[in-house]
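Data first, discussion second: the structure below is written as structure tokens.
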Amino acid sequence: MALPTFDLSPFATGRELPSPEAAAIAREIDDTLRSTGFLLVSGHGVADDVRDAYFDAMRSFFALPIEKKEEIAIGRSACHRGYVGFATETLEGALAGDEDAVGTQLAGDMKETIDTGIDHGPDHPEVIAGTPLHGPNQWPDLPGFREVVDVYRDAMIEAALRMERALSMALGLEPTFLEGQPGETMFHLRLIHYPPMETLTPEPGQLGCGAHTDYGTLTLLADDGNGGLQVRQRSGEWTDVVVPDGQLVVNLGDLMAIWTNDRWVSNPHRVVNPPGVDRYSSPLFVTPPFHLRIETLETCLAPGETPRHEPMVTGPYLLSRFDGTHSYRNELLEAHNSAT
Ligand SMILES: O=C(O)CCC(=O)C(=O)O
Ligand SMILES: [Fe+2]
């Protein structure tokens with residue numbers, strides 16, 4: 001399915017907002033998001049050479065022997081950062097409002113990842129306060145790797161800010177509404193490798209990445225052009241997402257439904273490992289500050305209308321979604337892994 005592409009350059013940091021040009025794009029984005037939670041963006045500010053160096057770094061890391069990769073295993077991190085091995089995360093069934101379905105499919109995803117976030121040193125106030133999900137990344141012993149990933153994450157955060165400005169305007173709010181929420185927005189950059197299908201012996205229903213919705217507000221994803229990402233339309237049909245070279249896919253996470261009272265909702269998506277070729281992809285997950293209470297925005301309520309969702313505090317909600325899907329945090333999945 002060809003998704004529409006929107007130019008984010010009018011929302012770049014330093015550009016005057018709101019501008020008539022930005023307002024027109026924001027209106028079109030709103031029209032699209034009322035029917036599907038997926039779209040493409042250009043003008044996001046991530047330079048091709050920055051992206052190419054990052055994808056090369058991903059290939060180098062995932063080619064390392066498993067013992068080297070396990071040196072930075074996520075289970076060694078107190079803040080959910082590090083290497084997640086094959087079949088240890090199970091996204092199938094991780095759908096909003098359907099938490100009971102998580103874990104009914106126990107065969108884990110046929111992918112491996114590194115989960116990273118903004119590096120928080122020991123003096124960061126949230127680290128001092130012991131807030132979960134805040135702390136340092138774990139880095140492999142690969143020269144230049146950390147620098148390349150940090151440069152790419154910074155570029156992707158700028159892309160995310162452009163998108164947040166567009167979404168804020170699309171909701172009839174100040175352009176800085178989303179980025180200006182009190183506290184520190186969580187930006188989790190994930191590096192993913194999917195091996196080719198024929199190198200695997202999947203259990204029934206096992207996928208590269210099981211059907212799920214994303215948890216936060218917004219995800220921006222780059223891939224290597226090898227395909228495999230599929231999105232479920234409101235009609236129930238699964239369609240392939242083709243990401244043209246140089247563009248990013250943007251999709252909504254579940255918290256957006258609370259904020260917008262279901263004007264915009266997330267779509268389930270999944271990855272089928274492509275045949276004959278490895279797939280590398282990388283989502284940046286944008287989640288509002290840990291302590292922020294998400295409740296329906298006034299601009300998304302018609303006169304007399306009441307919110308359809310209970311308010312939710314971001315951090316505990318995100319942790320509960322991680323607990324359901326990561327075997328190192330979930331006894332049921334852990335037991336399945338050690339038995340197979
Ligand atoms: O690799 C992809 O294309 C999608 C990954 C994804 O949906 C996720 O990690 O949430
Ligand atoms: Fe996802």
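Residue numbering restarts at 1 in every chain; chains get A, B, ... in the order shown in the structure tokens, and ligands count up from 1 in that same order.
Proximity to Val151 (chain A) at 9 Å, evaluated using only C-alpha atoms and with sequence-adjacent residues fewer than 5 positions away removed, yields Val50, Tyr54, Arg146 and Met156 of chain A.
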Give me the residues of chain A that have any atom at most 12 Å from an atom of ligand 2; for each, the nearest atom pair and the distance in Å, rounded to one decimal. Use only C-alpha atoms and all ligand atoms, sort by chain and number, and format it as JSON lines.
{"residue": "A:Gly37", "atom": "CA", "partner": "ligand 2", "partner_atom_place_in_ligand_line": "1 (Fe)", "distance": 11.7}
{"residue": "A:Phe38", "atom": "CA", "partner": "ligand 2", "partner_atom_place_in_ligand_line": "1 (Fe)", "distance": 11.1}
{"residue": "A:Thr90", "atom": "CA", "partner": "ligand 2", "partner_atom_place_in_ligand_line": "1 (Fe)", "distance": 11.8}
{"residue": "A:Leu91", "atom": "CA", "partner": "ligand 2", "partner_atom_place_in_ligand_line": "1 (Fe)", "distance": 8.5}
{"residue": "A:Glu92", "atom": "CA", "partner": "ligand 2", "partner_atom_place_in_ligand_line": "1 (Fe)", "distance": 10.6}
{"residue": "A:Gly93", "atom": "CA", "partner": "ligand 2", "partner_atom_place_in_ligand_line": "1 (Fe)", "distance": 11.9}
{"residue": "A:Ala94", "atom": "CA", "partner": "ligand 2", "partner_atom_place_in_ligand_line": "1 (Fe)", "distance": 9.7}
{"residue": "A:Leu95", "atom": "CA", "partner": "ligand 2", "partner_atom_place_in_ligand_line": "1 (Fe)", "distance": 10.3}
{"residue": "A:Leu189", "atom": "CA", "partner": "ligand 2", "partner_atom_place_in_ligand_line": "1 (Fe)", "distance": 12.0}
{"residue": "A:Arg190", "atom": "CA", "partner": "ligand 2", "partner_atom_place_in_ligand_line": "1 (Fe)", "distance": 10.5}
{"residue": "A:Ile192", "atom": "CA", "partner": "ligand 2", "partner_atom_place_in_ligand_line": "1 (Fe)", "distance": 11.3}
{"residue": "A:Gly208", "atom": "CA", "partner": "ligand 2", "partner_atom_place_in_ligand_line": "1 (Fe)", "distance": 11.4}
{"residue": "A:Cys209", "atom": "CA", "partner": "ligand 2", "partner_atom_place_in_ligand_line": "1 (Fe)", "distance": 8.1}
{"residue": "A:Gly210", "atom": "CA", "partner": "ligand 2", "partner_atom_place_in_ligand_line": "1 (Fe)", "distance": 9.0}
{"residue": "A:Ala211", "atom": "CA", "partner": "ligand 2", "partner_atom_place_in_ligand_line": "1 (Fe)", "distance": 8.2}
{"residue": "A:His212", "atom": "CA", "partner": "ligand 2", "partner_atom_place_in_ligand_line": "1 (Fe)", "distance": 6.4}
{"residue": "A:Thr213", "atom": "CA", "partner": "ligand 2", "partner_atom_place_in_ligand_line": "1 (Fe)", "distance": 5.8}
{"residue": "A:Asp214", "atom": "CA", "partner": "ligand 2", "partner_atom_place_in_ligand_line": "1 (Fe)", "distance": 4.8}
{"residue": "A:Tyr215", "atom": "CA", "partner": "ligand 2", "partner_atom_place_in_ligand_line": "1 (Fe)", "distance": 8.3}
{"residue": "A:Gly216", "atom": "CA", "partner": "ligand 2", "partner_atom_place_in_ligand_line": "1 (Fe)", "distance": 10.1}
{"residue": "A:Thr217", "atom": "CA", "partner": "ligand 2", "partner_atom_place_in_ligand_line": "1 (Fe)", "distance": 11.6}
{"residue": "A:Leu218", "atom": "CA", "partner": "ligand 2", "partner_atom_place_in_ligand_line": "1 (Fe)", "distance": 10.0}
{"residue": "A:Thr219", "atom": "CA", "partner": "ligand 2", "partner_atom_place_in_ligand_line": "1 (Fe)", "distance": 7.6}
{"residue": "A:Leu220", "atom": "CA", "partner": "ligand 2", "partner_atom_place_in_ligand_line": "1 (Fe)", "distance": 9.6}
{"residue": "A:Leu221", "atom": "CA", "partner": "ligand 2", "partner_atom_place_in_ligand_line": "1 (Fe)", "distance": 9.0}
{"residue": "A:Ala222", "atom": "CA", "partner": "ligand 2", "partner_atom_place_in_ligand_line": "1 (Fe)", "distance": 12.0}
{"residue": "A:Leu229", "atom": "CA", "partner": "ligand 2", "partner_atom_place_in_ligand_line": "1 (Fe)", "distance": 9.3}
{"residue": "A:Gln230", "atom": "CA", "partner": "ligand 2", "partner_atom_place_in_ligand_line": "1 (Fe)", "distance": 10.1}
{"residue": "A:Val231", "atom": "CA", "partner": "ligand 2", "partner_atom_place_in_ligand_line": "1 (Fe)", "distance": 9.7}
{"residue": "A:Arg232", "atom": "CA", "partner": "ligand 2", "partner_atom_place_in_ligand_line": "1 (Fe)", "distance": 11.9}
{"residue": "A:Val249", "atom": "CA", "partner": "ligand 2", "partner_atom_place_in_ligand_line": "1 (Fe)", "distance": 10.9}
{"residue": "A:Val250", "atom": "CA", "partner": "ligand 2", "partner_atom_place_in_ligand_line": "1 (Fe)", "distance": 10.3}
{"residue": "A:Asn251", "atom": "CA", "partner": "ligand 2", "partner_atom_place_in_ligand_line": "1 (Fe)", "distance": 8.3}
{"residue": "A:Leu252", "atom": "CA", "partner": "ligand 2", "partner_atom_place_in_ligand_line": "1 (Fe)", "distance": 9.4}
{"residue": "A:Gly253", "atom": "CA", "partner": "ligand 2", "partner_atom_place_in_ligand_line": "1 (Fe)", "distance": 8.4}
{"residue": "A:Asp254", "atom": "CA", "partner": "ligand 2", "partner_atom_place_in_ligand_line": "1 (Fe)", "distance": 10.8}
{"residue": "A:Ser266", "atom": "CA", "partner": "ligand 2", "partner_atom_place_in_ligand_line": "1 (Fe)", "distance": 9.9}
{"residue": "A:Asn267", "atom": "CA", "partner": "ligand 2", "partner_atom_place_in_ligand_line": "1 (Fe)", "distance": 9.2}
{"residue": "A:Pro268", "atom": "CA", "partner": "ligand 2", "partner_atom_place_in_ligand_line": "1 (Fe)", "distance": 7.9}
{"residue": "A:His269", "atom": "CA", "partner": "ligand 2", "partner_atom_place_in_ligand_line": "1 (Fe)", "distance": 6.3}
{"residue": "A:Arg270", "atom": "CA", "partner": "ligand 2", "partner_atom_place_in_ligand_line": "1 (Fe)", "distance": 7.0}
{"residue": "A:Val271", "atom": "CA", "partner": "ligand 2", "partner_atom_place_in_ligand_line": "1 (Fe)", "distance": 8.9}
{"residue": "A:Ser281", "atom": "CA", "partner": "ligand 2", "partner_atom_place_in_ligand_line": "1 (Fe)", "distance": 10.9}
{"residue": "A:Ser282", "atom": "CA", "partner": "ligand 2", "partner_atom_place_in_ligand_line": "1 (Fe)", "distance": 10.1}
{"residue": "A:Pro283", "atom": "CA", "partner": "ligand 2", "partner_atom_place_in_ligand_line": "1 (Fe)", "distance": 7.6}
{"residue": "A:Leu284", "atom": "CA", "partner": "ligand 2", "partner_atom_place_in_ligand_line": "1 (Fe)", "distance": 9.8}
{"residue": "A:Phe285", "atom": "CA", "partner": "ligand 2", "partner_atom_place_in_ligand_line": "1 (Fe)", "distance": 8.6}
{"residue": "A:Val286", "atom": "CA", "partner": "ligand 2", "partner_atom_place_in_ligand_line": "1 (Fe)", "distance": 11.6}
Would you mind exporting the chosen residues as a compact mmCIF listing (two decimals), in the first residue's frame, restricted to N, CA and C atoms?
# COMPACT_ATOMS: atom_id res chain seq x y z
N GLY A 37 -3.36 5.25 11.12
CA GLY A 37 -2.30 5.75 12.01
C GLY A 37 -0.91 5.62 11.43
N PHE A 38 -0.80 5.45 10.11
CA PHE A 38 0.51 5.33 9.44
C PHE A 38 0.64 6.36 8.32
N THR A 90 8.19 -11.00 22.80
CA THR A 90 7.02 -11.60 22.13
C THR A 90 5.97 -10.52 21.95
N LEU A 91 5.97 -9.90 20.77
CA LEU A 91 5.05 -8.78 20.58
C LEU A 91 3.67 -9.23 20.13
N GLU A 92 3.55 -10.48 19.62
CA GLU A 92 2.23 -10.93 19.16
C GLU A 92 1.20 -10.77 20.27
N GLY A 93 0.11 -10.09 19.97
CA GLY A 93 -0.93 -9.91 20.98
C GLY A 93 -0.76 -8.66 21.83
N ALA A 94 0.35 -7.95 21.65
CA ALA A 94 0.55 -6.73 22.45
C ALA A 94 -0.24 -5.58 21.82
N LEU A 95 -1.55 -5.63 22.06
CA LEU A 95 -2.44 -4.65 21.46
C LEU A 95 -3.08 -3.82 22.57
N LEU A 189 15.53 4.62 21.00
CA LEU A 189 15.96 4.19 19.66
C LEU A 189 16.32 2.71 19.72
N ARG A 190 15.71 1.95 18.83
CA ARG A 190 15.91 0.49 18.81
C ARG A 190 16.56 0.09 17.49
N ILE A 192 17.31 -3.04 15.00
CA ILE A 192 16.71 -4.37 14.82
C ILE A 192 17.31 -5.11 13.62
N GLY A 208 8.63 -12.39 12.56
CA GLY A 208 9.80 -11.54 12.86
C GLY A 208 9.46 -10.61 13.99
N CYS A 209 8.26 -10.09 13.91
CA CYS A 209 7.76 -9.19 14.94
C CYS A 209 6.26 -9.40 14.96
N GLY A 210 5.73 -9.95 16.06
CA GLY A 210 4.32 -10.29 16.14
C GLY A 210 3.43 -9.05 16.08
N ALA A 211 2.16 -9.27 15.77
CA ALA A 211 1.22 -8.16 15.63
C ALA A 211 1.08 -7.41 16.95
N HIS A 212 1.23 -6.10 16.88
CA HIS A 212 1.17 -5.28 18.11
C HIS A 212 0.85 -3.85 17.72
N THR A 213 0.51 -3.05 18.70
CA THR A 213 0.48 -1.61 18.50
C THR A 213 1.62 -1.02 19.33
N ASP A 214 2.11 0.14 18.92
CA ASP A 214 3.20 0.76 19.70
C ASP A 214 2.60 1.45 20.91
N TYR A 215 3.46 1.66 21.94
CA TYR A 215 2.93 2.02 23.25
C TYR A 215 2.82 3.53 23.50
N GLY A 216 3.73 4.29 22.91
CA GLY A 216 3.85 5.70 23.27
C GLY A 216 2.89 6.57 22.48
N THR A 217 3.40 7.72 22.02
CA THR A 217 2.57 8.60 21.22
C THR A 217 2.89 8.45 19.74
N LEU A 218 4.17 8.18 19.45
CA LEU A 218 4.63 8.34 18.08
C LEU A 218 5.85 7.46 17.85
N THR A 219 5.95 6.84 16.68
CA THR A 219 7.14 6.09 16.32
C THR A 219 7.58 6.54 14.93
N LEU A 220 8.90 6.75 14.77
CA LEU A 220 9.45 7.08 13.45
C LEU A 220 10.43 5.98 13.09
N LEU A 221 10.28 5.39 11.92
CA LEU A 221 11.06 4.20 11.58
C LEU A 221 11.74 4.32 10.23
N ALA A 222 13.02 3.90 10.20
CA ALA A 222 13.75 3.77 8.93
C ALA A 222 14.02 2.30 8.71
N LEU A 229 7.56 -5.11 6.64
CA LEU A 229 6.63 -4.46 7.57
C LEU A 229 5.22 -4.47 6.97
N GLN A 230 4.25 -4.88 7.79
CA GLN A 230 2.86 -4.91 7.33
C GLN A 230 1.97 -4.21 8.35
N VAL A 231 0.96 -3.52 7.86
CA VAL A 231 0.06 -2.80 8.75
C VAL A 231 -1.38 -3.31 8.55
N ARG A 232 -2.11 -3.41 9.66
CA ARG A 232 -3.50 -3.83 9.55
C ARG A 232 -4.38 -2.60 9.43
N VAL A 249 8.86 6.10 8.02
CA VAL A 249 7.46 5.78 8.32
C VAL A 249 7.17 6.36 9.70
N VAL A 250 6.03 6.98 9.83
CA VAL A 250 5.60 7.47 11.14
C VAL A 250 4.31 6.74 11.50
N ASN A 251 4.24 6.22 12.71
CA ASN A 251 2.97 5.64 13.14
C ASN A 251 2.64 6.07 14.56
N LEU A 252 1.36 6.06 14.85
CA LEU A 252 0.90 6.50 16.16
C LEU A 252 0.96 5.38 17.17
N GLY A 253 1.22 5.73 18.42
CA GLY A 253 1.16 4.78 19.51
C GLY A 253 -0.16 4.92 20.27
N ASP A 254 -0.36 4.02 21.23
CA ASP A 254 -1.66 3.91 21.89
C ASP A 254 -2.04 5.13 22.74
N SER A 266 -3.96 4.06 16.99
CA SER A 266 -2.81 3.31 16.48
C SER A 266 -3.30 2.12 15.63
N ASN A 267 -2.48 1.69 14.69
CA ASN A 267 -2.80 0.49 13.90
C ASN A 267 -1.91 -0.67 14.34
N PRO A 268 -2.48 -1.89 14.46
CA PRO A 268 -1.61 -3.06 14.64
C PRO A 268 -0.69 -3.21 13.42
N HIS A 269 0.54 -3.63 13.70
CA HIS A 269 1.47 -3.91 12.61
C HIS A 269 2.36 -5.07 13.01
N ARG A 270 3.09 -5.63 12.04
CA ARG A 270 3.93 -6.81 12.29
C ARG A 270 5.02 -6.84 11.24
N VAL A 271 5.98 -7.73 11.43
CA VAL A 271 7.03 -7.90 10.42
C VAL A 271 7.14 -9.38 10.07
N SER A 281 16.17 -2.63 10.54
CA SER A 281 15.26 -1.49 10.66
C SER A 281 15.51 -0.83 12.01
N SER A 282 14.96 0.36 12.16
CA SER A 282 15.21 1.07 13.41
C SER A 282 14.09 2.05 13.74
N PRO A 283 13.26 1.71 14.72
CA PRO A 283 12.26 2.67 15.18
C PRO A 283 12.80 3.58 16.29
N LEU A 284 12.34 4.82 16.27
CA LEU A 284 12.53 5.71 17.43
C LEU A 284 11.16 5.83 18.07
N PHE A 285 11.03 5.34 19.30
CA PHE A 285 9.76 5.41 20.01
C PHE A 285 9.72 6.69 20.84
N VAL A 286 8.68 7.47 20.65
CA VAL A 286 8.54 8.72 21.39
C VAL A 286 7.45 8.52 22.44
Backbone-only DSSP, strand (DSSP E or B) members of region 76-262 of chain A, as an MDAnalysis selection string
chainID A and resid 82:84 89 94 112:116 186:194 209:212 214 218:223 229:232 238:240 248:253
Taking only region 205-278 of chain A into account, list the residues labelled helix (DSSP H, G or I) by DSSP (computed from the backbone), as a list in words.
Leu255, Met256, Ala257, Ile258, Trp259 and Thr260 of chain A
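Using only C-alpha atoms, the contacts of region 77-85 of chain A at a cut-off of 6 Å, with sequence neighbours closer than 3 positions omitted, comprise Ile72, Ala73, Ile74, Thr88, Glu112, Thr113, Ile114, Asp115, Thr116, Pro132, Leu133, His134, Gly135, Asn137 and Gln138 of chain A.
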